[in-house]
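This is target_10.txt (compact mmCIF, C-alpha atoms).
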```txt
# COMPACT_ATOMS: atom_id res chain seq x y z
CA MET X 4 70.89 122.45 77.36
CA GLY X 5 71.50 119.35 79.47
CA VAL X 6 74.01 116.58 78.99
CA GLN X 7 73.68 114.67 75.76
CA SER X 8 75.09 111.32 74.73
CA PRO X 9 76.84 110.79 71.40
CA ALA X 10 74.52 110.32 68.43
CA PRO X 11 72.97 106.84 68.16
CA ALA X 12 73.44 104.23 65.43
CA ILE X 13 77.25 104.49 65.24
CA PRO X 14 79.11 101.26 64.30
CA ARG X 15 80.99 99.21 66.87
CA VAL X 16 84.77 99.50 67.01
CA GLU X 17 86.30 96.20 65.91
CA GLY X 18 89.69 94.78 65.05
CA ARG X 19 91.72 97.42 66.89
CA ASP X 20 94.67 97.13 69.25
CA ILE X 21 93.87 98.79 72.58
CA VAL X 22 96.31 99.53 75.41
CA MET X 23 94.83 100.31 78.84
CA VAL X 24 96.70 102.02 81.69
CA GLY X 25 95.22 103.05 85.00
CA LEU X 26 95.30 103.17 88.75
CA GLN X 27 94.34 99.58 89.56
CA PRO X 28 96.41 96.54 88.57
CA TRP X 29 94.59 93.55 87.15
CA TYR X 30 95.95 91.33 89.93
CA PHE X 31 94.06 93.28 92.63
CA LYS X 32 91.20 91.09 93.83
CA THR X 33 88.69 93.94 94.09
CA GLY X 34 86.37 94.93 91.26
CA CYS X 35 87.39 97.67 88.87
CA ASN X 36 85.64 99.67 86.15
CA ALA X 37 88.59 99.36 83.78
CA LYS X 38 88.69 95.57 84.12
CA ASN X 39 84.99 95.34 83.24
CA ILE X 40 85.55 97.62 80.25
CA ALA X 41 88.61 95.62 79.16
CA ARG X 42 86.67 92.35 79.06
CA LEU X 43 84.03 93.87 76.79
CA LEU X 44 86.56 95.58 74.53
CA ALA X 45 88.33 92.25 74.10
CA ALA X 46 85.21 90.76 72.51
CA ASP X 47 85.90 92.86 69.39
CA ASN X 48 89.54 93.95 69.75
CA ARG X 49 92.93 92.94 71.14
CA VAL X 50 93.52 94.48 74.58
CA LEU X 51 96.71 94.91 76.61
CA TYR X 52 95.95 95.80 80.24
CA VAL X 53 99.01 97.47 81.78
CA ASN X 54 99.50 97.25 85.53
CA VAL X 55 100.70 100.26 87.51
CA PRO X 56 104.52 100.57 87.46
CA ILE X 57 106.32 99.86 90.72
CA LYS X 58 108.10 102.66 92.56
CA ARG X 59 111.78 102.08 93.32
CA ARG X 60 111.25 102.74 97.03
CA ALA X 61 108.50 100.09 97.22
CA PHE X 62 110.60 97.57 95.27
CA LYS X 63 113.52 97.92 97.68
CA SER X 64 111.42 98.02 100.83
CA LYS X 65 111.85 95.17 103.31
CA ASN X 66 108.12 95.31 104.01
CA PRO X 67 106.40 96.20 100.74
CA ASP X 68 102.67 96.82 100.52
CA PRO X 69 101.06 93.34 100.31
CA LYS X 70 98.75 94.60 97.56
CA ILE X 71 101.64 95.08 95.11
CA LEU X 72 103.70 92.11 96.29
CA PRO X 73 102.63 89.92 93.31
CA HIS X 74 104.21 92.43 90.92
CA ILE X 75 107.41 92.78 92.97
CA THR X 76 107.74 89.00 93.33
CA LEU X 77 107.25 88.47 89.59
CA LEU X 78 110.03 90.95 88.79
CA LYS X 79 112.47 89.53 91.34
CA GLN X 80 111.88 85.98 90.14
CA GLY X 81 112.30 86.93 86.49
CA GLU X 82 108.92 85.60 85.36
CA ASP X 83 107.32 86.50 82.06
CA THR X 84 105.85 90.01 82.31
CA ILE X 85 103.00 89.30 79.87
CA LYS X 86 100.22 86.94 80.93
CA GLU X 87 97.22 85.93 78.86
CA ILE X 88 93.99 86.47 80.78
CA SER X 89 91.60 85.27 78.09
CA HIS X 90 91.18 85.36 74.33
CA ASN X 91 92.34 88.78 73.04
CA LEU X 92 93.19 90.03 76.56
CA TRP X 93 96.65 90.24 78.15
CA GLU X 94 97.97 91.57 81.46
CA PHE X 95 101.39 93.29 81.48
CA TYR X 96 103.72 93.85 84.46
CA PRO X 97 106.09 96.78 83.67
CA GLU X 98 109.71 96.06 84.58
CA SER X 99 111.10 99.57 84.87
CA LEU X 100 110.95 101.18 88.30
CA ILE X 101 109.72 104.74 88.71
CA GLU X 102 110.73 107.35 91.25
CA SER X 103 108.54 108.70 94.06
CA VAL X 104 108.27 112.42 93.35
CA ASN X 105 104.89 113.52 94.66
CA TRP X 106 106.69 115.21 97.57
CA LEU X 107 108.27 117.82 95.29
CA PRO X 108 106.84 121.25 96.18
CA SER X 109 107.04 122.63 92.64
CA THR X 110 104.69 121.23 89.99
CA ARG X 111 107.14 122.39 87.32
CA ALA X 112 109.88 120.26 88.91
CA PHE X 113 107.40 117.41 89.37
CA LYS X 114 106.61 117.42 85.63
CA VAL X 115 110.32 117.12 84.74
CA VAL X 116 110.77 113.97 86.84
CA ASP X 117 107.33 112.66 85.89
CA GLN X 118 108.37 112.83 82.25
CA VAL X 119 111.39 110.66 83.07
CA ASN X 120 109.06 108.19 84.80
CA ASN X 121 106.69 108.25 81.83
CA ARG X 122 109.57 107.57 79.42
CA ARG X 123 110.55 104.44 81.36
CA PHE X 124 106.91 103.35 81.50
CA ALA X 125 106.33 104.03 77.80
CA ARG X 126 109.47 102.14 76.81
CA ASN X 127 108.19 99.07 78.68
CA ILE X 128 104.74 99.37 77.12
CA GLN X 129 106.26 99.66 73.65
CA GLN X 130 108.30 96.50 74.25
CA ALA X 131 105.14 94.64 75.25
CA MET X 132 103.32 96.01 72.21
CA ASP X 133 106.14 94.85 69.93
CA ARG X 134 106.00 91.34 71.42
CA LEU X 135 102.25 91.13 70.77
CA GLY X 136 102.41 92.90 67.41
CA PHE X 137 100.20 95.79 68.52
CA ARG X 138 100.02 98.63 65.99
CA ASP X 139 98.08 101.89 65.56
CA ILE X 140 96.79 101.66 69.10
CA ILE X 141 93.91 103.23 70.96
CA LEU X 142 95.28 104.26 74.38
CA PHE X 143 92.78 104.23 77.26
CA ASN X 144 93.89 105.96 80.47
CA ASP X 145 91.81 105.06 83.51
CA ASN X 146 92.16 108.25 85.58
CA ASP X 147 95.97 107.92 86.03
CA ILE X 148 97.03 111.56 85.92
CA TYR X 149 100.71 111.03 86.69
CA ASN X 150 101.77 107.80 84.95
CA GLY X 151 99.64 108.59 81.92
CA PHE X 152 100.38 112.28 81.53
CA PHE X 153 103.00 112.09 78.73
CA LEU X 154 101.95 108.79 77.12
CA LYS X 155 100.14 110.47 74.24
CA GLU X 156 103.39 112.08 73.11
CA LEU X 157 105.55 109.02 73.89
CA LEU X 158 103.42 106.25 72.39
CA SER X 159 101.73 108.23 69.57
CA PRO X 160 98.39 106.43 69.74
CA SER X 161 95.86 107.00 67.00
CA ILE X 162 93.35 107.90 69.74
CA TYR X 163 94.05 108.87 73.35
CA ILE X 164 91.05 108.41 75.68
CA TYR X 165 91.05 109.80 79.21
CA TYR X 166 88.53 108.09 81.51
CA LEU X 167 87.42 110.37 84.36
CA ARG X 168 85.69 108.47 87.17
CA ASP X 169 87.06 109.95 90.38
CA PHE X 170 87.87 113.47 91.57
CA LEU X 171 91.46 112.82 92.63
CA GLN X 172 92.11 116.55 92.93
CA GLY X 173 90.14 116.52 96.16
CA PHE X 174 92.49 114.11 97.96
CA ALA X 175 95.47 115.39 99.93
CA TYR X 176 97.96 113.10 98.12
CA TRP X 177 96.89 114.27 94.66
CA LYS X 178 95.72 117.82 95.22
CA LYS X 179 98.89 119.87 94.70
CA HIS X 180 100.04 118.53 91.32
CA ALA X 181 96.85 116.89 90.00
CA SER X 182 94.91 120.15 90.22
CA VAL X 183 97.29 121.54 87.60
CA LEU X 184 98.02 118.42 85.53
CA GLU X 185 94.56 116.88 85.18
CA PRO X 186 93.03 119.88 83.37
CA GLU X 187 96.03 119.81 80.98
CA LEU X 188 95.56 116.08 80.43
CA ILE X 189 91.85 116.53 79.73
CA ARG X 190 92.58 119.28 77.20
CA LYS X 191 95.04 117.21 75.18
CA ALA X 192 93.01 113.98 75.19
CA ASP X 193 91.31 113.09 71.91
CA ILE X 194 88.26 111.91 73.85
CA VAL X 195 87.22 112.22 77.49
CA MET X 196 84.78 109.60 78.78
CA ALA X 197 83.19 110.29 82.18
CA ASN X 198 81.15 107.96 84.34
CA SER X 199 79.08 110.75 85.92
CA VAL X 200 77.12 113.66 84.46
CA TYR X 201 79.01 116.05 86.72
CA PHE X 202 82.41 114.92 85.44
CA ALA X 203 81.20 115.01 81.83
CA GLU X 204 80.04 118.60 82.19
CA TYR X 205 83.25 119.61 83.95
CA SER X 206 85.40 118.00 81.23
CA ALA X 207 83.35 119.66 78.51
CA GLY X 208 84.51 123.03 79.81
CA LEU X 209 88.06 121.93 78.99
CA ASN X 210 87.58 119.64 76.00
CA PRO X 211 84.53 119.68 73.69
CA ARG X 212 84.95 115.98 72.94
CA SER X 213 83.74 114.99 76.40
CA TYR X 214 81.01 112.37 76.87
CA TYR X 215 78.93 110.83 79.60
CA MET X 216 79.24 107.05 79.29
CA GLY X 217 77.50 106.14 82.53
CA GLN X 218 78.45 103.39 84.93
CA GLY X 219 78.01 99.65 84.73
CA CYS X 220 77.12 97.18 87.44
CA ASP X 221 78.15 93.55 87.85
CA PHE X 222 74.71 91.96 87.80
CA GLU X 223 76.08 88.42 88.09
CA SER X 224 77.64 89.30 91.44
CA PHE X 225 74.59 91.27 92.61
CA ASP X 226 71.79 88.88 91.75
CA PRO X 227 68.72 88.93 94.05
CA ASP X 228 68.12 85.25 93.23
CA ASN X 229 71.52 84.29 94.64
CA THR X 230 70.98 81.37 97.02
CA ALA X 231 74.24 81.77 98.95
CA PRO X 232 73.75 81.15 102.70
CA THR X 233 73.57 84.07 105.12
CA PRO X 234 77.08 84.73 106.51
CA GLU X 235 77.50 83.71 110.13
CA ASP X 236 78.62 87.12 111.37
CA ILE X 237 75.37 88.78 110.28
CA ALA X 238 72.96 85.88 110.80
CA GLY X 239 72.53 86.60 114.51
CA ILE X 240 72.00 90.36 114.22
CA PRO X 241 68.32 91.28 114.82
CA HIS X 242 66.28 93.16 112.23
CA PRO X 243 65.76 95.80 111.08
CA ILE X 244 69.29 95.96 109.70
CA ILE X 245 70.39 99.25 108.15
CA GLY X 246 73.46 98.41 106.11
CA TYR X 247 76.39 99.89 104.22
CA ILE X 248 78.83 98.07 101.95
CA GLY X 249 82.06 99.66 100.80
CA ALA X 250 85.23 101.28 102.06
CA LEU X 251 84.82 103.18 105.33
CA ASP X 252 86.69 106.26 104.15
CA SER X 253 86.40 109.28 106.45
CA GLU X 254 86.96 111.68 103.54
CA ARG X 255 83.84 110.32 101.86
CA LEU X 256 81.61 109.03 104.68
CA ASN X 257 80.00 111.09 107.43
CA GLY X 258 80.28 109.06 110.63
CA ASP X 259 77.98 111.50 112.42
CA ILE X 260 75.09 110.30 110.25
CA ILE X 261 75.74 106.70 111.29
CA ALA X 262 76.02 107.67 114.97
CA GLY X 263 72.84 109.73 114.76
CA LEU X 264 70.82 106.85 113.31
CA ALA X 265 72.12 104.38 115.88
CA LYS X 266 71.46 106.61 118.88
CA ALA X 267 68.04 107.81 117.70
CA GLN X 268 66.84 104.26 116.98
CA PRO X 269 68.43 101.75 119.39
CA SER X 270 66.25 98.96 117.95
CA TRP X 271 67.88 99.41 114.54
CA ASN X 272 71.16 97.64 113.91
CA ILE X 273 73.65 99.50 111.73
CA VAL X 274 75.88 97.02 109.89
CA LEU X 275 79.01 98.28 108.13
CA VAL X 276 80.76 95.90 105.72
CA GLY X 277 84.11 97.11 104.45
CA PRO X 278 87.68 98.03 105.39
CA GLU X 279 88.15 101.03 107.70
CA ASP X 280 90.61 103.89 107.42
CA GLU X 281 92.44 105.06 110.54
CA ARG X 282 89.83 107.65 111.56
CA PHE X 283 87.05 105.08 111.39
CA ARG X 284 89.10 102.55 113.35
CA GLU X 285 89.52 105.14 116.12
CA SER X 286 85.93 106.40 115.90
CA PRO X 287 83.54 106.43 118.89
CA LEU X 288 81.19 104.47 116.63
CA HIS X 289 82.90 101.35 117.92
CA GLN X 290 81.45 102.04 121.37
CA ILE X 291 77.83 102.21 120.17
CA PRO X 292 76.27 98.76 120.83
CA ASN X 293 73.98 98.68 117.79
CA VAL X 294 76.74 99.62 115.29
CA HIS X 295 78.44 96.50 113.91
CA PHE X 296 81.74 96.63 112.02
CA LEU X 297 82.10 93.38 110.06
CA GLY X 298 85.29 94.31 108.18
CA GLY X 299 86.25 93.85 104.56
CA LYS X 300 84.82 90.85 102.70
CA PRO X 301 85.62 89.10 99.40
CA PHE X 302 83.73 90.70 96.52
CA GLY X 303 81.84 87.50 95.80
CA LEU X 304 80.27 87.50 99.29
CA LEU X 305 78.90 91.05 99.26
CA SER X 306 75.51 90.13 97.82
CA ALA X 307 75.00 87.61 100.63
CA TYR X 308 75.41 90.42 103.15
CA LEU X 309 73.17 92.74 101.13
CA LYS X 310 70.37 90.19 101.21
CA SER X 311 70.20 90.60 104.99
CA PHE X 312 69.82 94.39 104.86
CA ASP X 313 66.36 95.91 105.27
CA VAL X 314 67.53 99.34 104.11
CA CYS X 315 70.86 100.28 102.56
CA ILE X 316 72.56 103.62 103.19
CA ASN X 317 75.29 105.72 101.61
CA PRO X 318 75.93 108.40 104.26
CA GLN X 319 78.38 110.51 102.27
CA TRP X 320 79.61 113.97 102.94
CA ASN X 321 78.63 116.35 100.17
CA ASN X 322 82.09 117.68 99.39
CA GLU X 323 84.41 118.21 96.44
CA ILE X 324 85.40 114.52 96.49
CA THR X 325 81.89 113.05 96.57
CA LYS X 326 79.59 115.46 94.76
CA GLY X 327 80.61 114.37 91.27
CA ASN X 328 81.45 110.73 91.92
CA TYR X 329 79.13 108.08 90.56
CA PRO X 330 78.12 105.92 93.57
CA LEU X 331 78.41 102.40 92.16
CA LYS X 332 77.19 100.92 95.45
CA ILE X 333 73.77 102.49 94.79
CA ASP X 334 73.41 100.40 91.63
CA GLU X 335 74.51 97.35 93.61
CA TYR X 336 71.89 98.07 96.29
CA LEU X 337 69.15 98.56 93.70
CA ALA X 338 70.22 95.52 91.67
CA MET X 339 69.45 93.47 94.79
CA GLY X 340 66.05 95.16 95.05
CA LYS X 341 66.96 96.98 98.25
CA ALA X 342 65.60 100.33 99.41
CA ALA X 343 68.39 102.89 99.67
CA VAL X 344 68.85 106.18 101.50
CA ALA X 345 71.72 108.41 100.36
CA THR X 346 73.05 111.93 100.58
CA ARG X 347 71.82 114.12 97.76
CA THR X 348 74.79 115.08 95.57
CA TYR X 349 75.00 116.32 92.00
CA ALA X 350 75.84 112.83 90.76
CA MET X 351 72.82 111.35 92.59
CA LYS X 352 70.39 113.27 90.38
CA ILE X 353 70.06 110.31 88.02
CA PHE X 354 68.69 108.20 90.90
CA GLU X 355 65.86 110.62 91.66
CA GLY X 356 62.67 108.63 92.15
CA HIS X 357 64.49 105.38 92.93
CA VAL X 358 66.46 106.33 96.05
CA TYR X 359 65.48 108.31 99.14
CA LEU X 360 67.75 111.37 99.01
CA ALA X 361 68.67 113.29 102.15
CA GLU X 362 69.40 116.99 101.84
CA THR X 363 70.83 117.10 105.39
CA PRO X 364 72.17 114.53 107.89
CA GLU X 365 69.11 115.13 110.05
CA GLU X 366 66.81 113.78 107.30
CA TYR X 367 68.33 110.31 107.36
CA GLU X 368 66.28 108.98 110.25
CA GLU X 369 62.91 109.93 108.75
CA LEU X 370 63.89 108.67 105.30
CA VAL X 371 64.99 105.30 106.69
CA LYS X 372 61.64 105.05 108.51
CA LYS X 373 59.88 105.87 105.24
CA ALA X 374 61.94 103.30 103.33
CA LEU X 375 61.05 100.60 105.86
CA ALA X 376 57.35 101.49 105.78
CA GLU X 377 56.98 101.77 102.00
CA ASP X 378 58.89 98.66 100.92
CA SER X 379 56.90 96.30 98.70
CA PRO X 380 57.40 93.63 96.02
CA PHE X 381 56.47 96.21 93.39
CA LYS X 382 59.20 98.59 94.56
CA VAL X 383 61.71 95.74 94.68
CA GLU X 384 61.06 94.89 91.03
CA GLU X 385 61.11 98.56 90.04
CA ARG X 386 64.55 99.05 91.62
CA ILE X 387 65.97 95.96 89.92
CA ARG X 388 64.60 97.05 86.55
CA PHE X 389 66.13 100.51 86.89
CA ALA X 390 69.52 99.20 88.01
CA ARG X 391 69.71 96.90 85.01
CA THR X 392 69.66 99.87 82.64
CA HIS X 393 73.16 100.64 83.97
CA SER X 394 75.05 97.90 82.15
CA TRP X 395 78.68 97.80 81.07
CA GLU X 396 77.49 96.94 77.57
CA ASN X 397 75.68 100.30 77.37
CA CYS X 398 78.77 102.12 78.71
CA VAL X 399 81.11 100.58 76.15
CA ALA X 400 78.60 101.30 73.38
CA GLU X 401 78.79 104.99 74.33
CA MET X 402 82.58 104.88 74.07
CA TYR X 403 82.41 103.16 70.67
CA ARG X 404 80.11 105.94 69.46
CA ALA X 405 82.46 108.62 70.76
CA ILE X 406 85.41 106.99 68.95
CA ASN X 407 83.50 106.94 65.69
CA LEU X 408 82.47 110.57 66.15
CA LEU X 409 86.11 111.61 65.78
CA ASN X 410 85.47 111.34 62.05
CA ILE X 411 82.89 114.11 62.27
CA SER X 412 84.34 117.58 61.69
CA THR X 413 82.20 119.42 64.26
CA PRO X 414 82.98 118.14 67.76
CA HIS X 415 80.23 117.24 70.18
CA THR X 416 79.59 119.92 72.83
CA TYR X 417 77.54 120.35 75.96
CA GLY X 418 75.55 123.36 76.98
CA MET X 419 78.24 125.32 78.79
CA ASP X 420 75.68 127.33 80.72
CA SER X 421 74.94 124.21 82.77
CA ASN X 422 78.60 123.42 83.47
CA PRO X 423 79.15 123.11 87.24
CA LYS X 424 82.19 124.90 88.63
CA MET X 425 84.39 122.05 89.79
CA PRO X 426 87.42 123.38 91.70
CA VAL X 427 90.31 123.03 89.26
CA HIS X 428 93.12 124.37 91.41
CA GLY X 429 92.06 123.06 94.79
CA LYS X 430 89.97 126.14 95.58
```
The structure given in the file should be rewritten as structure tokens.
Amino acid sequence: MGVQSPAPAIPRVEGRDIVMVGLQPWYFKTGCNAKNIARLLAADNRVLYVNVPIKRRAFKSKNPDPKILPHITLLKQGEDTIKEISHNLWEFYPESLIESVNWLPSTRAFKVVDQVNNRRFARNIQQAMDRLGFRDIILFNDNDIYNGFFLKELLSPSIYIYYLRDFLQGFAYWKKHASVLEPELIRKADIVMANSVYFAEYSAGLNPRSYYMGQGCDFESFDPDNTAPTPEDIAGIPHPIIGYIGALDSERLNGDIIAGLAKAQPSWNIVLVGPEDERFRESPLHQIPNVHFLGGKPFGLLSAYLKSFDVCINPQWNNEITKGNYPLKIDEYLAMGKAAVATRTYAMKIFEGHVYLAETPEEYEELVKKALAEDSPFKVEERIRFARTHSWENCVAEMYRAINLLNISTPHTYGMDSNPKMPVHGK
């Protein structure tokens, strides 16, 4: 049996108090799944969006990370820690500092200190809830394994939802402790919502109340009718332009694919829009004349760059980090009507028939040629139509249905025989 969604025709959830914790603060300028979900939840409920607590070491640093400086500055200046974002939606800056303990070699010891951190965090959240009069909460944890691990016990929510959207166990920073803690967190959650089929099937092996909610796309930001002018740094690059938008992360992206395309087709220009990690900054790709690194750009400008692409690519590795991750950029490419070539992963199965999928790095060149040759107004419209089925409204509707299904005595299950074997302990 394949993956199934919760049963249809379940009422919306309305009039509840919802607390959201996660890995991305509201004040970050980049887009975020949880922020999109929060805005929709706030249409029917009161929502408190809790920013990530600050670590003591970062707070005392003379050169703190600029990304978290707004939080540190707010605390040092004694400003109000609760800010209204819009009707029914508030942002909260926790005051208590937490300790950096990921370095501990023993997961048992890590859990002891993590519980202390969680107690400080939970005490702050409770104070914010009391100020706003929040009661009988639904607690939504956006993939924060460490700061959210003990919150079910400490805050006693009526429903604890764990949102799985990234395989953190595959990253070096998270691997040691997360590979033990995340399965425990999934087991004790009342509901697990996953943004990819792969994650939903994995979670179902640990918790029968696991659901695929899909992934939404910001169609206002990725509108093919956008009349924004072509950015100057891409306007002079000759076509065809083969483009990528997103973080240039060497653990996710295969630079050899990019180099292979550029060297095999010198008349193609490979344009990469996004911030680079250290390995990409030091990569020989910078010496290839038809590879153009344009750097990170404000989110609102991305569609203007996409409009200049003839074919979009997502040259991922197929590894434990990428194979289950939902590639949001593919929806963004398709929403703009663009042909896309991507590495075939488990999560890419839902794009079959709409994206050119490469089984091997060597296939990229021929698939890009095919994408260039086959492009047509009909295909453009077909891609846009398909992308628009991936709306945040549909995702939140799936979560509402899952919440209501808690009243049904027999939990929803997947066919376990189709459950992929995600490495749980870093194996």
Could you please determine the separation between CA of Ser64 (chain X) and CA of Leu100 (chain X) in Å, to one decimal place? 12.9 Å
For CA of Val314 (chain X) and CA of Val276 (chain X), determine how far apart the two atoms are, in Å to one decimal place.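 Distance between the two atoms: 13.8 Å.
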What's the 7 Å shell around Gly303 (chain X), counting all atoms listed in the file, without same-chain residues fewer than 2 positions away, as a compact mmCIF listing (two decimals) with C-alpha atoms, in the frame of the given file?
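The resulting around_24.txt:
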```
# COMPACT_ATOMS: atom_id res chain seq x y z
CA SER X 224 77.64 89.30 91.44
CA PRO X 301 85.62 89.10 99.40
CA LEU X 305 78.90 91.05 99.26
```
Considering all atoms listed in the file, can you say which of X:Arg42, X:Leu331, X:Tyr367, X:Tyr349 comes closest to Gln268 (chain X)? X:Tyr367
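Remark: for Asn229 (chain X), the closest of the candidate residues X:Lys310, X:Arg255, X:His74, X:Arg282 is X:Lys310 (distances computed over all atoms listed in the file).
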At what distance in Å, to one decimal, does CA of Asn210 (chain X) lie from CA of Val195 (chain X)? 7.6 Å
